[in-house]
Structure formats: structure tokens, C-alpha cells
>>> print(open('my_file38.pdb').read())   # PDB, C-alpha atoms and all ligand atoms
ATOM      1  CA  MET A   1      23.539  41.195 -14.805  1.00  0.00           C
ATOM      2  CA  ALA A   2      23.476  38.920 -17.853  1.00  0.00           C
ATOM      3  CA  GLY A   3      19.717  38.949 -18.287  1.00  0.00           C
ATOM      4  CA  PRO A   4      16.514  39.073 -16.362  1.00  0.00           C
ATOM      5  CA  LEU A   5      16.290  36.389 -13.708  1.00  0.00           C
ATOM      6  CA  PRO A   6      12.929  35.054 -12.575  1.00  0.00           C
ATOM      7  CA  PHE A   7      11.457  36.159  -9.277  1.00  0.00           C
ATOM      8  CA  SER A   8      11.942  32.607  -7.962  1.00  0.00           C
ATOM      9  CA  HIS A   9      15.680  33.378  -7.874  1.00  0.00           C
ATOM     10  CA  THR A  10      15.323  36.357  -5.544  1.00  0.00           C
ATOM     11  CA  TRP A  11      15.701  36.544  -1.802  1.00  0.00           C
ATOM     12  CA  PRO A  12      14.953  39.670   0.243  1.00  0.00           C
ATOM     13  CA  TYR A  13      17.418  41.183   2.678  1.00  0.00           C
ATOM     14  CA  ASP A  14      17.351  43.903   5.300  1.00  0.00           C
ATOM     15  CA  VAL A  15      20.051  46.248   6.516  1.00  0.00           C
ATOM     16  CA  LEU A  16      19.716  47.209  10.163  1.00  0.00           C
ATOM     17  CA  MET A  17      22.352  49.055  12.185  1.00  0.00           C
ATOM     18  CA  LYS A  18      24.830  48.596   9.298  1.00  0.00           C
ATOM     19  CA  GLU A  19      24.437  44.814   9.425  1.00  0.00           C
ATOM     20  CA  LEU A  20      22.924  42.614   6.731  1.00  0.00           C
ATOM     21  CA  TYR A  21      20.090  40.333   7.773  1.00  0.00           C
ATOM     22  CA  PHE A  22      17.860  37.770   6.170  1.00  0.00           C
ATOM     23  CA  SER A  23      14.494  37.504   7.877  1.00  0.00           C
ATOM     24  CA  GLU A  24      14.486  33.840   6.860  1.00  0.00           C
ATOM     25  CA  CYS A  25      17.077  31.392   5.528  1.00  0.00           C
ATOM     26  CA  PRO A  26      16.022  29.972   2.129  1.00  0.00           C
ATOM     27  CA  TYR A  27      17.668  26.645   2.962  1.00  0.00           C
ATOM     28  CA  CYS A  28      16.774  25.766   6.567  1.00  0.00           C
ATOM     29  CA  GLY A  29      14.062  28.267   7.504  1.00  0.00           C
ATOM     30  CA  GLU A  30      15.969  29.818  10.406  1.00  0.00           C
ATOM     31  CA  SER A  31      14.802  33.371  11.136  1.00  0.00           C
ATOM     32  CA  ASN A  32      16.663  36.668  11.610  1.00  0.00           C
ATOM     33  CA  ILE A  33      20.075  35.644  10.379  1.00  0.00           C
ATOM     34  CA  GLN A  34      22.872  38.184  10.616  1.00  0.00           C
ATOM     35  CA  MET A  35      25.307  37.620   7.767  1.00  0.00           C
ATOM     36  CA  PRO A  36      29.047  37.826   8.476  1.00  0.00           C
ATOM     37  CA  ASN A  37      30.671  40.461   6.222  1.00  0.00           C
ATOM     38  CA  GLY A  38      27.216  40.983   4.813  1.00  0.00           C
ATOM     39  CA  ARG A  39      27.563  44.641   3.857  1.00  0.00           C
ATOM     40  CA  LYS A  40      30.784  43.956   1.951  1.00  0.00           C
ATOM     41  CA  LYS A  41      29.109  41.099   0.106  1.00  0.00           C
ATOM     42  CA  LEU A  42      26.073  43.218  -0.645  1.00  0.00           C
ATOM     43  CA  SER A  43      28.312  45.906  -2.182  1.00  0.00           C
ATOM     44  CA  ARG A  44      29.966  43.297  -4.382  1.00  0.00           C
ATOM     45  CA  ALA A  45      26.666  41.834  -5.515  1.00  0.00           C
ATOM     46  CA  ARG A  46      25.310  45.308  -6.235  1.00  0.00           C
ATOM     47  CA  GLU A  47      28.226  45.804  -8.624  1.00  0.00           C
ATOM     48  CA  GLY A  48      27.032  42.688 -10.449  1.00  0.00           C
ATOM     49  CA  LEU A  49      29.871  40.494  -9.169  1.00  0.00           C
ATOM     50  CA  ARG A  50      29.159  36.887  -8.251  1.00  0.00           C
ATOM     51  CA  THR A  51      29.235  36.680  -4.479  1.00  0.00           C
ATOM     52  CA  GLU A  52      28.987  33.671  -2.218  1.00  0.00           C
ATOM     53  CA  LEU A  53      26.971  34.137   0.950  1.00  0.00           C
ATOM     54  CA  HIS A  54      27.645  31.457   3.533  1.00  0.00           C
ATOM     55  CA  MET A  55      24.655  30.949   5.770  1.00  0.00           C
ATOM     56  CA  PRO A  56      25.832  30.804   9.408  1.00  0.00           C
ATOM     57  CA  CYS A  57      22.726  28.821  10.399  1.00  0.00           C
ATOM     58  CA  CYS A  58      23.154  25.734   8.189  1.00  0.00           C
ATOM     59  CA  ASN A  59      26.414  26.273   6.224  1.00  0.00           C
ATOM     60  CA  ALA A  60      24.536  26.403   2.925  1.00  0.00           C
ATOM     61  CA  THR A  61      25.973  28.735   0.288  1.00  0.00           C
ATOM     62  CA  LEU A  62      23.830  31.209  -1.571  1.00  0.00           C
ATOM     63  CA  SER A  63      25.554  32.129  -4.815  1.00  0.00           C
ATOM     64  CA  ALA A  64      24.378  35.634  -5.660  1.00  0.00           C
ATOM     65  CA  LEU A  65      24.801  36.977  -9.189  1.00  0.00           C
ATOM     66  CA  ALA A  66      23.596  40.470  -8.348  1.00  0.00           C
ATOM     67  CA  ALA A  67      21.595  42.493  -5.856  1.00  0.00           C
ATOM     68  CA  ASP A  68      19.236  45.431  -6.013  1.00  0.00           C
ATOM     69  CA  ASP A  69      17.740  47.622  -3.265  1.00  0.00           C
ATOM     70  CA  ASP A  70      15.655  44.779  -1.855  1.00  0.00           C
ATOM     71  CA  TYR A  71      16.823  41.423  -3.163  1.00  0.00           C
ATOM     72  CA  PHE A  72      19.779  39.219  -3.853  1.00  0.00           C
ATOM     73  CA  TRP A  73      19.486  37.419  -7.191  1.00  0.00           C
ATOM     74  CA  ALA A  74      20.731  33.843  -6.908  1.00  0.00           C
ATOM     75  CA  ASP A  75      21.937  31.431  -9.597  1.00  0.00           C
ATOM     76  CA  GLU A  76      19.278  28.939  -8.471  1.00  0.00           C
ATOM     77  CA  PRO A  77      15.602  29.106  -7.523  1.00  0.00           C
ATOM     78  CA  LEU A  78      15.183  29.844  -3.816  1.00  0.00           C
ATOM     79  CA  ARG A  79      11.380  29.699  -3.588  1.00  0.00           C
TER      80      ARG A  79
HETATM   81 ZN    ZN A 101      20.051  28.161   7.074  1.00  0.00          ZN
END
>>> encode(input="my_file38.pdb", output="C-alpha cells")
Amino acid sequence: MAGPLPFSHTWPYDVLMKELYFSECPYCGESNIQMPNGRKKLSRAREGLRTELHMPCCNATLSALAADDDYFWADEPLR
């Protein structure tokens, strides 16, 4: 990660039954979204590689710069 990103750029995720979920979409507000290929994308982001997450609910794209144990860190404010 290039430098500390503000908390406004974070979005929390959950992993349940080996699938990646967002409890809410930052773009359209849809709840309990299962992300296609989410675990693979999480692994990439956790290595600090820019990763695009395509929201199945509204087709928005979350561009993640990194991820930690709880959050994706986006290149834009999400909250
Ligand atoms: Zn959405």
C-alpha cells in the first residue's frame, strides 16, 4: 500500500462458507451481496494489488488498492 488511506475509503467484507459477501453495496445500498470470484479478488487485494470488484447488484466497479482482515481499501471515498 502506497500510504495510509482514510477510513472513508474502506468498505467491510465478510467471508462465509468460502464466499465473499458485502453486507451492503456502497453504490446502490443492496444488502447481502455475494461477490463472483470474491475470494480470488480478496487474495489479490491482500497482496496489495489493485483489484476491480464488479458489483453484481448495480454493475458499479469498486477499485480496491488493498485489503486487510476486515476491509477493502478503495481508490475513492465510499462513505
Ligand atoms: Zn450495488
>>> residues_around(input="my_file38.pdb", residues="A:Gly29", least_positions_apart="3", cutoff="12 Å", atoms="only C-alpha atoms", output="ChimeraX atom specification")
/A:22-26,32-33,55,57-58,60,78-79
>>> atom_distance(input="my_file38.pdb", atom1="atom CA of A:Tyr71", atom2="atom CA of A:Ala45")
10.1 Å
>>> resolve_selection(input="my_file38.pdb", expression="the PyMOL selection byres (((chain A and resi 67) around 9) and not hetatm)", output="ChimeraX atom specification")
/A:10,42-48,64-66,68-74
>>> closest_residue(input="my_file38.pdb", among="A:Pro6, A:Pro56, A:Pro77, A:Gly38", to="ligand ZN 101 (chain A)", atoms="all atoms listed in the file")
A:Pro56
>>> residues_near_point(input="my_file38.pdb", point="(14.8, 28.8, -9.8)", cutoff="6 Å", atoms="all atoms listed in the file", output="list in words")
Ser8, His9, Glu76 and Pro77 of chain A
>>> residues_around(input="my_file38.pdb", residues="A:Gln34", least_positions_apart="4", cutoff="7 Å", atoms="only C-alpha atoms", output="PDB file with C-alpha atoms, in the frame of the given file")
ATOM      1  CA  GLU A  19      24.437  44.814   9.425  1.00  0.00           C
ATOM      2  CA  LEU A  20      22.924  42.614   6.731  1.00  0.00           C
ATOM      3  CA  TYR A  21      20.090  40.333   7.773  1.00  0.00           C
ATOM      4  CA  PHE A  22      17.860  37.770   6.170  1.00  0.00           C
TER       5      PHE A  22
END
>>> atom_distance(input="my_file38.pdb", atom1="atom CA of A:Arg39", atom2="atom CA of A:Lys18")
7.3 Å
>>> atom_distance(input="my_file38.pdb", atom1="atom CA of A:Pro4", atom2="atom CA of A:Leu62")
18.3 Å
>>> closest_residue(input="my_file38.pdb", among="A:Asp14, A:Leu5, A:Ser31, A:Lys41", to="ligand ZN 101 (chain A)", atoms="all atoms listed in the file")
A:Ser31
>>> closest_residue(input="my_file38.pdb", among="A:Phe7, A:Asn59, A:Val15, A:Lys40", to="A:Cys28", atoms="all atoms listed in the file")
A:Asn59
>>> closest_residue(input="my_file38.pdb", among="A:Leu16, A:Leu53, A:Tyr27, A:Trp11", to="ligand ZN 101 (chain A)", atoms="all atoms listed in the file")
A:Tyr27
>>> axis_aligned_box(input="my_file38.pdb", around="stretch 45-60 of chain A", padding_each_side="8 Å", output="JSON")
{"center_x": 26.3, "center_y": 35.8, "center_z": 0.0, "size_x": 23.1, "size_y": 36.1, "size_z": 36.8}
>>> closest_residue(input="my_file38.pdb", among="A:Glu52, A:Thr61, A:Asp75, A:Pro12", to="ligand ZN 101 (chain A)", atoms="all atoms listed in the file")
A:Thr61
>>> build_atoms(input="my_file38.pdb", residues="stretch 58-76 of chain A", atoms="N, CA and C atoms", output="short mmCIF file (atom, residue, chain, number, x, y, z; two decimals), in the coordinates of the input")
data_model
loop_
_atom_site.label_atom_id
_atom_site.label_comp_id
_atom_site.auth_asym_id
_atom_site.auth_seq_id
_atom_site.Cartn_x
_atom_site.Cartn_y
_atom_site.Cartn_z
N CYS A 58 23.15 27.12 8.68
CA CYS A 58 23.15 25.73 8.19
C CYS A 58 24.32 25.46 7.24
N ASN A 59 25.25 26.44 7.08
CA ASN A 59 26.41 26.27 6.22
C ASN A 59 26.09 26.13 4.74
N ALA A 60 24.84 26.39 4.35
CA ALA A 60 24.54 26.40 2.92
C ALA A 60 25.17 27.64 2.30
N THR A 61 25.38 27.61 1.00
CA THR A 61 25.97 28.74 0.29
C THR A 61 24.99 29.27 -0.74
N LEU A 62 24.68 30.53 -0.58
CA LEU A 62 23.83 31.21 -1.57
C LEU A 62 24.76 31.91 -2.54
N SER A 63 24.71 31.52 -3.80
CA SER A 63 25.55 32.13 -4.82
C SER A 63 24.77 33.24 -5.48
N ALA A 64 25.12 34.48 -5.13
CA ALA A 64 24.38 35.63 -5.66
C ALA A 64 25.07 36.16 -6.92
N LEU A 65 24.27 36.42 -7.94
CA LEU A 65 24.80 36.98 -9.19
C LEU A 65 24.72 38.49 -9.19
N ALA A 66 23.82 39.03 -8.38
CA ALA A 66 23.60 40.47 -8.35
C ALA A 66 22.70 40.77 -7.16
N ALA A 67 22.53 42.06 -6.89
CA ALA A 67 21.60 42.49 -5.86
C ALA A 67 21.02 43.84 -6.26
N ASP A 68 19.81 44.10 -5.83
CA ASP A 68 19.24 45.43 -6.01
C ASP A 68 18.92 46.00 -4.63
N ASP A 69 18.02 46.97 -4.55
CA ASP A 69 17.74 47.62 -3.26
C ASP A 69 17.06 46.70 -2.27
N ASP A 70 16.45 45.63 -2.74
CA ASP A 70 15.66 44.78 -1.86
C ASP A 70 16.07 43.31 -1.86
N TYR A 71 16.63 42.86 -2.97
CA TYR A 71 16.82 41.42 -3.16
C TYR A 71 18.24 41.08 -3.61
N PHE A 72 18.68 39.89 -3.17
CA PHE A 72 19.78 39.22 -3.85
C PHE A 72 19.17 38.38 -4.96
N TRP A 73 19.91 38.25 -6.06
CA TRP A 73 19.49 37.42 -7.19
C TRP A 73 20.43 36.24 -7.27
N ALA A 74 19.90 35.05 -7.00
CA ALA A 74 20.73 33.84 -6.91
C ALA A 74 20.82 33.13 -8.25
N ASP A 75 21.80 32.22 -8.36
CA ASP A 75 21.94 31.43 -9.60
C ASP A 75 21.07 30.18 -9.57
N GLU A 76 20.17 30.09 -8.58
CA GLU A 76 19.28 28.94 -8.47
C GLU A 76 17.96 29.43 -7.90
#
